[in-house]
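The data block below is data-v8.cif; it holds mmCIF, C-alpha atoms and all ligand atoms.
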data_run
#
loop_
_atom_site.group_PDB
_atom_site.id
_atom_site.type_symbol
_atom_site.label_atom_id
_atom_site.label_comp_id
_atom_site.auth_asym_id
_atom_site.auth_seq_id
_atom_site.Cartn_x
_atom_site.Cartn_y
_atom_site.Cartn_z
ATOM 1 C CA MET A 1 -7.011 5.693 -0.973
ATOM 2 C CA LYS A 2 -3.295 5.674 -0.369
ATOM 3 C CA THR A 3 -1.051 5.555 -3.392
ATOM 4 C CA ASP A 4 2.441 4.059 -3.522
ATOM 5 C CA SER A 5 3.923 7.527 -3.787
ATOM 6 C CA ASN A 6 2.177 8.933 -0.752
ATOM 7 C CA ARG A 7 3.115 5.791 1.201
ATOM 8 C CA ARG A 8 6.726 6.671 0.491
ATOM 9 C CA ASP A 9 5.931 10.252 1.524
ATOM 10 C CA ILE A 10 4.595 8.914 4.807
ATOM 11 C CA LEU A 11 7.941 7.261 5.543
ATOM 12 C CA ARG A 12 9.795 10.431 4.605
ATOM 13 C CA ASN A 13 7.543 12.481 6.859
ATOM 14 C CA ALA A 14 7.895 10.100 9.790
ATOM 15 C CA THR A 15 10.891 12.059 11.063
ATOM 16 C CA VAL A 16 8.912 15.299 10.898
ATOM 17 C CA LEU A 17 6.061 13.686 12.849
ATOM 18 C CA VAL A 18 8.455 12.394 15.517
ATOM 19 C CA ALA A 19 9.911 15.894 15.857
ATOM 20 C CA ALA A 20 6.397 17.359 16.166
ATOM 21 C CA ALA A 21 5.475 14.749 18.772
ATOM 22 C CA ALA A 22 8.498 15.744 20.832
ATOM 23 C CA THR A 23 7.036 19.252 21.215
ATOM 24 C CA ILE A 24 3.690 18.000 22.594
ATOM 25 C CA SER A 25 3.158 19.202 26.157
ATOM 26 C CA LEU A 26 1.071 17.444 28.759
ATOM 27 C CA PRO A 27 -0.846 19.729 31.173
ATOM 28 C CA GLY A 28 -2.648 17.211 33.400
ATOM 29 C CA SER A 29 -3.903 14.429 31.147
ATOM 30 C CA LEU A 30 -4.702 16.654 28.147
ATOM 31 C CA LEU A 31 -2.504 16.615 25.029
ATOM 32 C CA VAL A 32 -1.944 20.144 23.698
ATOM 33 C CA LEU A 33 -0.347 20.507 20.282
ATOM 34 C CA PRO A 34 1.739 23.604 19.601
ATOM 35 C CA ALA A 35 0.129 25.963 17.042
ATOM 36 C CA SER A 36 2.641 24.870 14.366
ATOM 37 C CA ALA A 37 1.595 21.184 14.744
ATOM 38 C CA LYS A 38 -2.149 21.851 14.597
ATOM 39 C CA PRO A 39 -3.832 21.060 11.259
ATOM 40 C CA ASP A 40 -4.665 24.148 9.229
ATOM 41 C CA PRO A 41 -8.347 23.824 8.187
ATOM 42 C CA LYS A 42 -7.649 25.929 5.053
ATOM 43 C CA LYS A 43 -4.922 23.545 3.844
ATOM 44 C CA PRO A 44 -6.139 20.294 2.211
ATOM 45 C CA GLU A 45 -4.723 17.173 3.955
ATOM 46 C CA THR A 46 -2.374 15.439 1.554
ATOM 47 C CA LYS A 47 -0.752 12.941 3.907
ATOM 48 C CA GLU A 48 -2.439 10.052 5.687
ATOM 49 C CA PRO A 49 -0.951 8.409 8.763
ATOM 50 C CA GLU A 50 0.570 4.964 8.243
ATOM 51 C CA VAL A 51 -1.728 1.958 8.631
ATOM 52 C CA THR A 52 0.349 -1.123 9.418
ATOM 53 C CA ALA A 53 -0.520 -4.562 8.012
ATOM 54 C CA THR A 54 -1.749 -5.867 11.377
ATOM 55 C CA GLU A 55 -3.676 -2.668 12.136
ATOM 56 C CA ASP A 56 -5.301 -3.076 8.715
ATOM 57 C CA LEU A 57 -6.344 -6.649 9.545
ATOM 58 C CA MET A 58 -7.649 -5.640 12.970
ATOM 59 C CA ARG A 59 -9.726 -2.709 11.722
ATOM 60 C CA GLU A 60 -11.199 -5.087 9.143
ATOM 61 C CA HIS A 61 -12.195 -7.213 12.134
ATOM 62 C CA GLY A 62 -13.963 -4.085 13.422
ATOM 63 C CA VAL A 63 -16.245 -4.039 10.365
ATOM 64 C CA ILE A 64 -16.737 -7.822 10.651
ATOM 65 C CA ARG A 65 -17.625 -7.472 14.362
ATOM 66 C CA ARG A 66 -20.211 -4.806 13.558
ATOM 67 C CA ALA A 67 -21.800 -7.246 11.083
ATOM 68 C CA LEU A 68 -21.766 -9.892 13.839
ATOM 69 C CA LEU A 69 -23.555 -7.420 16.155
ATOM 70 C CA VAL A 70 -26.290 -7.018 13.537
ATOM 71 C CA TYR A 71 -26.705 -10.806 13.552
ATOM 72 C CA PHE A 72 -26.634 -10.884 17.370
ATOM 73 C CA GLU A 73 -29.352 -8.220 17.651
ATOM 74 C CA THR A 74 -31.494 -10.052 15.086
ATOM 75 C CA VAL A 75 -31.616 -13.363 16.996
ATOM 76 C CA PRO A 76 -34.173 -12.375 19.705
ATOM 77 C CA LYS A 77 -36.271 -10.537 17.084
ATOM 78 C CA LEU A 78 -36.427 -13.691 14.940
ATOM 79 C CA ARG A 79 -37.655 -15.614 17.993
ATOM 80 C CA GLN A 80 -40.182 -13.032 19.207
ATOM 81 C CA ASN A 81 -41.626 -11.759 15.933
ATOM 82 C CA ALA A 82 -39.968 -12.974 12.733
ATOM 83 C CA ALA A 83 -42.244 -10.776 10.578
ATOM 84 C CA SER A 84 -40.676 -7.670 12.188
ATOM 85 C CA VAL A 85 -37.217 -8.605 10.856
ATOM 86 C CA ASP A 86 -36.222 -6.792 7.670
ATOM 87 C CA PRO A 87 -34.720 -9.533 5.446
ATOM 88 C CA SER A 88 -32.977 -6.974 3.219
ATOM 89 C CA ALA A 89 -30.918 -5.644 6.156
ATOM 90 C CA LEU A 90 -29.800 -9.196 7.007
ATOM 91 C CA ARG A 91 -29.119 -9.913 3.356
ATOM 92 C CA GLN A 92 -26.989 -6.776 2.966
ATOM 93 C CA THR A 93 -25.051 -7.798 6.089
ATOM 94 C CA ALA A 94 -24.421 -11.272 4.627
ATOM 95 C CA GLN A 95 -23.376 -9.722 1.290
ATOM 96 C CA LEU A 96 -20.896 -7.466 3.093
ATOM 97 C CA PHE A 97 -19.609 -10.477 5.042
ATOM 98 C CA ARG A 98 -19.124 -12.307 1.745
ATOM 99 C CA THR A 99 -17.325 -9.586 -0.234
ATOM 100 C CA PHE A 100 -15.320 -7.865 2.475
ATOM 101 C CA GLY A 101 -14.993 -10.543 5.175
ATOM 102 C CA GLU A 102 -14.710 -13.791 3.219
ATOM 103 C CA ASP A 103 -13.528 -12.979 -0.318
ATOM 104 C CA TYR A 104 -11.070 -10.271 0.752
ATOM 105 C CA HIS A 105 -10.010 -10.447 4.427
ATOM 106 C CA GLU A 106 -10.108 -14.243 4.770
ATOM 107 C CA LYS A 107 -9.198 -15.509 1.280
ATOM 108 C CA MET A 108 -6.830 -12.838 -0.031
ATOM 109 C CA LEU A 109 -5.061 -11.816 3.170
ATOM 110 C CA GLU A 110 -5.292 -14.478 5.877
ATOM 111 C CA GLU A 111 -5.296 -17.624 3.733
ATOM 112 C CA GLN A 112 -2.729 -16.317 1.234
ATOM 113 C CA HIS A 113 -0.352 -14.413 3.497
ATOM 114 C CA ILE A 114 -0.930 -15.074 7.192
ATOM 115 C CA PHE A 115 -1.862 -18.736 7.707
ATOM 116 C CA PRO A 116 0.811 -20.375 5.465
ATOM 117 C CA LEU A 117 3.587 -18.709 7.466
ATOM 118 C CA VAL A 118 1.937 -19.266 10.840
ATOM 119 C CA ARG A 119 1.390 -22.948 9.952
ATOM 120 C CA LYS A 120 5.151 -23.315 9.322
ATOM 121 C CA GLN A 121 5.827 -22.048 12.862
ATOM 122 C CA GLY A 122 4.446 -25.432 14.023
ATOM 123 C CA GLY A 123 2.915 -26.613 17.319
ATOM 124 C CA GLU A 124 -0.114 -24.729 18.608
ATOM 125 C CA LEU A 125 0.138 -22.210 15.761
ATOM 126 C CA GLU A 126 -0.108 -24.920 13.121
ATOM 127 C CA ARG A 127 -3.269 -26.164 14.840
ATOM 128 C CA TYR A 128 -4.655 -22.607 14.924
ATOM 129 C CA ALA A 129 -4.126 -22.227 11.175
ATOM 130 C CA ASP A 130 -6.050 -25.454 10.537
ATOM 131 C CA ILE A 131 -8.949 -24.572 12.852
ATOM 132 C CA LEU A 132 -9.227 -20.997 11.567
ATOM 133 C CA THR A 133 -9.314 -22.264 7.953
ATOM 134 C CA ALA A 134 -12.048 -24.795 8.829
ATOM 135 C CA GLN A 135 -14.001 -21.950 10.479
ATOM 136 C CA HIS A 136 -13.679 -19.792 7.345
ATOM 137 C CA ASN A 137 -15.163 -22.663 5.349
ATOM 138 C CA ARG A 138 -18.008 -23.210 7.806
ATOM 139 C CA GLY A 139 -18.669 -19.456 7.800
ATOM 140 C CA ARG A 140 -19.028 -19.475 4.002
ATOM 141 C CA GLU A 141 -21.650 -22.242 4.237
ATOM 142 C CA ILE A 142 -23.473 -20.121 6.818
ATOM 143 C CA THR A 143 -23.333 -17.006 4.624
ATOM 144 C CA ASP A 144 -24.772 -19.071 1.715
ATOM 145 C CA TYR A 145 -27.602 -20.125 4.035
ATOM 146 C CA VAL A 146 -28.295 -16.554 5.295
ATOM 147 C CA LEU A 147 -28.382 -15.292 1.687
ATOM 148 C CA ALA A 148 -30.764 -18.100 0.692
ATOM 149 C CA VAL A 149 -33.301 -17.526 3.495
ATOM 150 C CA THR A 150 -33.322 -13.719 3.224
ATOM 151 C CA ASN A 151 -34.159 -13.689 -0.480
ATOM 152 C CA GLY A 152 -37.837 -12.750 -0.096
ATOM 153 C CA SER A 153 -39.564 -9.527 0.942
ATOM 154 C CA LYS A 154 -40.659 -11.040 4.281
ATOM 155 C CA MET A 155 -38.927 -13.322 6.757
ATOM 156 C CA SER A 156 -40.512 -16.761 6.558
ATOM 157 C CA ALA A 157 -41.719 -18.158 9.928
ATOM 158 C CA VAL A 158 -40.390 -21.588 8.844
ATOM 159 C CA HIS A 159 -36.821 -20.274 8.700
ATOM 160 C CA ALA A 160 -37.013 -18.055 11.803
ATOM 161 C CA GLU A 161 -35.817 -20.488 14.508
ATOM 162 C CA PRO A 162 -33.242 -22.362 12.357
ATOM 163 C CA LEU A 163 -31.818 -18.999 11.250
ATOM 164 C CA ALA A 164 -31.734 -17.728 14.861
ATOM 165 C CA GLU A 165 -29.758 -20.851 15.883
ATOM 166 C CA VAL A 166 -27.360 -20.545 12.949
ATOM 167 C CA LEU A 167 -26.699 -16.838 13.633
ATOM 168 C CA GLU A 168 -26.213 -17.457 17.351
ATOM 169 C CA SER A 169 -23.593 -20.164 16.742
ATOM 170 C CA PHE A 170 -21.916 -18.165 13.980
ATOM 171 C CA VAL A 171 -21.525 -15.064 16.178
ATOM 172 C CA LEU A 172 -20.017 -17.169 18.988
ATOM 173 C CA MET A 173 -17.610 -18.883 16.574
ATOM 174 C CA TYR A 174 -16.492 -15.722 14.802
ATOM 175 C CA GLU A 175 -16.063 -13.622 17.951
ATOM 176 C CA ASN A 176 -13.682 -16.304 19.239
ATOM 177 C CA HIS A 177 -12.080 -16.616 15.817
ATOM 178 C CA ALA A 178 -11.310 -12.900 15.389
ATOM 179 C CA ALA A 179 -10.195 -12.510 19.018
ATOM 180 C CA ARG A 180 -7.653 -15.383 18.683
ATOM 181 C CA GLU A 181 -6.388 -13.919 15.408
ATOM 182 C CA ASP A 182 -5.943 -10.478 17.011
ATOM 183 C CA THR A 183 -4.174 -11.733 20.125
ATOM 184 C CA ILE A 184 -2.292 -14.892 19.039
ATOM 185 C CA VAL A 185 -2.089 -15.408 15.280
ATOM 186 C CA PHE A 186 -1.360 -11.882 13.984
ATOM 187 C CA PRO A 187 1.305 -11.142 16.650
ATOM 188 C CA ALA A 188 2.997 -14.516 15.863
ATOM 189 C CA TRP A 189 2.913 -13.781 12.119
ATOM 190 C CA LYS A 190 4.310 -10.281 12.616
ATOM 191 C CA LYS A 191 7.412 -11.665 14.393
ATOM 192 C CA ASN A 192 8.633 -13.117 11.065
ATOM 193 C CA PHE A 193 9.367 -9.671 9.636
ATOM 194 C CA SER A 194 11.455 -6.564 10.101
ATOM 195 C CA ASN A 195 9.685 -3.175 10.207
ATOM 196 C CA LYS A 196 10.785 -2.495 6.624
ATOM 197 C CA GLN A 197 9.359 -5.810 5.437
ATOM 198 C CA LEU A 198 6.117 -5.133 7.302
ATOM 199 C CA ASP A 199 5.843 -1.801 5.534
ATOM 200 C CA GLU A 200 6.261 -3.539 2.165
ATOM 201 C CA ILE A 201 3.603 -6.108 3.108
ATOM 202 C CA SER A 202 1.307 -3.275 4.124
ATOM 203 C CA ASP A 203 1.745 -1.850 0.605
ATOM 204 C CA GLN A 204 0.941 -5.271 -0.899
ATOM 205 C CA PHE A 205 -2.255 -5.473 1.177
ATOM 206 C CA GLU A 206 -3.211 -1.997 -0.058
ATOM 207 C CA GLU A 207 -2.691 -3.128 -3.654
ATOM 208 C CA ILE A 208 -4.883 -6.214 -3.153
ATOM 209 C CA GLU A 209 -7.588 -4.018 -1.613
ATOM 210 C CA HIS A 210 -7.348 -1.616 -4.546
ATOM 211 C CA LYS A 211 -7.541 -4.413 -7.127
ATOM 212 C CA MET A 212 -10.561 -5.996 -5.462
ATOM 213 C CA PHE A 213 -12.615 -2.914 -4.723
ATOM 214 C CA GLY A 214 -11.216 -0.249 -7.046
ATOM 215 C CA LYS A 215 -11.094 2.222 -4.159
ATOM 216 C CA ASP A 216 -10.612 2.082 -0.401
ATOM 217 C CA GLY A 217 -12.352 -1.165 0.527
ATOM 218 C CA PHE A 218 -12.288 -0.388 4.220
ATOM 219 C CA GLU A 219 -13.961 3.040 3.889
ATOM 220 C CA ASP A 220 -16.593 1.537 1.630
ATOM 221 C CA ALA A 221 -17.282 -1.424 3.942
ATOM 222 C CA GLU A 222 -17.484 0.891 6.967
ATOM 223 C CA LYS A 223 -20.081 3.030 5.157
ATOM 224 C CA LYS A 224 -22.079 -0.069 4.238
ATOM 225 C CA ILE A 225 -22.233 -1.391 7.803
ATOM 226 C CA SER A 226 -23.107 2.125 9.060
ATOM 227 C CA ASN A 227 -26.038 2.245 6.629
ATOM 228 C CA ILE A 228 -27.269 -1.177 7.752
ATOM 229 C CA GLU A 229 -27.021 -0.095 11.406
ATOM 230 C CA GLY A 230 -29.027 3.007 10.491
ATOM 231 C CA MET A 231 -31.744 0.904 8.791
ATOM 232 C CA LEU A 232 -32.058 -1.204 11.936
ATOM 233 C CA GLY A 233 -31.966 1.690 14.420
ATOM 234 C CA PHE A 234 -28.501 0.738 15.779
ATOM 235 C CA ALA A 235 -26.745 3.902 14.634
ATOM 236 C CA ASP A 236 -26.664 5.524 18.072
ATOM 237 C CA LEU A 237 -23.859 3.872 20.061
ATOM 238 C CA SER A 238 -25.320 5.089 23.389
ATOM 239 C CA ARG A 239 -28.232 2.698 22.785
ATOM 240 C CA PHE A 240 -25.879 -0.085 23.867
ATOM 241 C CA THR A 241 -24.844 1.463 27.212
ATOM 242 C CA PRO A 242 -26.433 -0.800 29.844
ATOM 243 C CA PRO A 243 -28.249 0.499 32.949
ATOM 244 C CA ALA A 244 -26.225 0.797 36.151
ATOM 245 C CA PRO A 245 -25.846 -2.551 37.967
ATOM 246 C CA PRO A 246 -27.942 -3.228 41.101
ATOM 247 C CA LYS A 247 -26.557 -1.668 44.290
ATOM 248 C CA VAL A 248 -25.088 -4.270 46.659
HETATM 249 FE FE FE B 1 -9.949 -15.558 9.917
HETATM 250 FE FE FE B 2 -9.609 -12.357 10.475
#

For this file, write the structure as structure tokens.
Amino acid sequence: MKTDSNRRDILRNATVLVAAAATISLPGSLLVLPASAKPDPKKPETKEPEVTATEDLMREHGVIRRALLVYFETVPKLRQNAASVDPSALRQTAQLFRTFGEDYHEKMLEEQHIFPLVRKQGGELERYADILTAQHNRGREITDYVLAVTNGSKMSAVHAEPLAEVLESFVLMYENHAAREDTIVFPAWKKNFSNKQLDEISDQFEEIEHKMFGKDGFEDAEKKISNIEGMLGFADLSRFTPPAPPKV
């Protein structure tokens, strides 16, 4: 967890980092750091690299997208053999979506800080802010539903198809939602500020995260989604590499 003081340190050390970067040589495509710039394994790392406000929001989307992938992978299983679906894994995913995605990322950051300013920019952006807010609200109804139908020890056959349909539509909505935020809404919001102001906002976001989770919310959420992926056998990324396409 970054503290205010080491955030300031980061700024102070920025010049040192730039100087170190200037000494990086490029043989072919490989970056080689000079010995003086290489981390010393014996020395404990005291400085963390800066995480900007928009980078923070986008890496939170990374955790959210991994939760969406859990939902996506569950849909065919619900249709083929609902009894094989572990309701506790789905429930933990929905709980993570609620605490990290909805209560923190959506309510505390986007709805408090991002959307009000973007709405004032008018035109298409104003419309985006309205649609994205409506989608947050619909998402919360869906999370309530997922939590309600995954309460038992086994997945009920009665809920299997309705849940599959709900998850399918939710994944499609939220993938579009997060992609528009990353490529349209966050860049438009960022234009309202100088670099110094953005750094201050980044500190504010850190404080909100600290207040809500008592430690680094991102690290904790990343661990949680990793554990869920492990429970479901999704931990190995290479599992998702498709076979080569047919030869034409
Ligand atoms: Fe959002
Ligand atoms: Fe978002």

Can you list, as a VMD selection string, the residues that the PyMOL selection byres (((chain A and resi 232-239) around 12) and not hetatm) selects here?
chain A and resid 66 to 67 69 to 74 77 84 to 90 92 to 93 223 225 to 231 240 to 243

Tell me which of A:Leu125, A:Leu57, A:Ala188, A:Ala83 sits closest to ligand FE 2 (chain B), counting all atoms listed in the file.
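Among the listed residues, A:Leu57 lies closest to ligand FE 2 (chain B).
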
Compute the set of protein, DNA and RNA residues whose minimum atom distance to ligand FE 1 (chain B) is at most 10 Å, using all atoms listed in the file, and state it as a list in words.
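After applying the 10 Å limit, what remains is Leu57, His61, Gly101, Glu102, His105, Glu106, Lys107, Leu109, Glu110, Glu111, Ile114, Phe115, Ala129, Ile131, Leu132, Thr133, Ala134, Gln135, His136, Asn137, Gly139, Tyr174, His177, Ala178, Ala179, Arg180, Glu181, Asp182 and Val185 of chain A.
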
Please identify all polymer residues within 8 Å of Ala221 (chain A), counting only C-alpha atoms, omitting same-chain residues fewer than 2 positions from it, and present them as a PyMOL selection string.
chain A and resi 63+96+100+217-219+223-225

Take CA of Val51 (chain A) and CA of Glu124 (chain A) and report the distance between them in Å, one decimal.
28.5 Å

Pick from A:Gly62, A:Pro246, A:Gly152, A:Pro162 nearest to ligand FE 2 (chain B), counting all atoms listed in the file
A:Gly62

Could you tell me how far CA of Leu147 (chain A) lies from CA of Leu163 (chain A), in Å and to one decimal?
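Computed distance, CA of Leu147 (chain A) to CA of Leu163 (chain A), equals 10.8 Å.
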
Enumerate, as a VMD selection string, the residues matched when the PyMOL selection byres (((chain A and resi 157) around 10) and not hetatm) is run on the file above.
chain A and resid 78 to 79 81 to 83 154 to 156 158 to 162

Report, in Å with one decimal, the straight-line distance from CA of Phe186 (chain A) to CA of Glu141 (chain A).
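Between CA of Phe186 (chain A) and CA of Glu141 (chain A) the gap is 24.8 Å.
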
Residue with the minimum atom-to-atom distance to ligand FE 2 (chain B), picked from A:Glu168, A:Glu50, A:Asp216, A:Asp103 with all atoms listed in the file counted, is A:Asp103

Using all atoms listed in the file, the best pick from A:Glu55, A:Asp220, A:Asp199, A:Glu206 as closest to ligand FE 2 (chain B) would be A:Glu55

Would you please work out which residue, of A:Glu207, A:Glu175, A:Glu200, A:Glu165, is nearest to ligand FE 2 (chain B) when using only C-alpha atoms and all ligand atoms?
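Ranking A:Glu207, A:Glu175, A:Glu200, A:Glu165 by distance to ligand FE 2 (chain B), first place goes to A:Glu175.
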
Using all atoms listed in the file: which of A:His210, A:Arg140, A:Lys247, A:Lys191 has the shortest distance to Arg98 (chain A):
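When distances to Arg98 (chain A) are compared using all atoms listed in the file, the smallest one comes from A:Arg140.
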
Put a box with edges along x, y and z around all the listed atoms of region 127-140 of chain A, pad it by 3 Å on each side, then give me its centre and sizes in Å, one decimal, as JSON.
{"center_x": -11.1, "center_y": -22.8, "center_z": 9.5, "size_x": 21.8, "size_y": 12.7, "size_z": 16.9}

Quick check on the file I pasted: which residues fall under the PyMOL selection byres (((chain A and resi 54) around 10) and not hetatm)? Write them as a ChimeraX atom specification.
/A:51-53,55-60,182,186-187,189-190,198,201-202
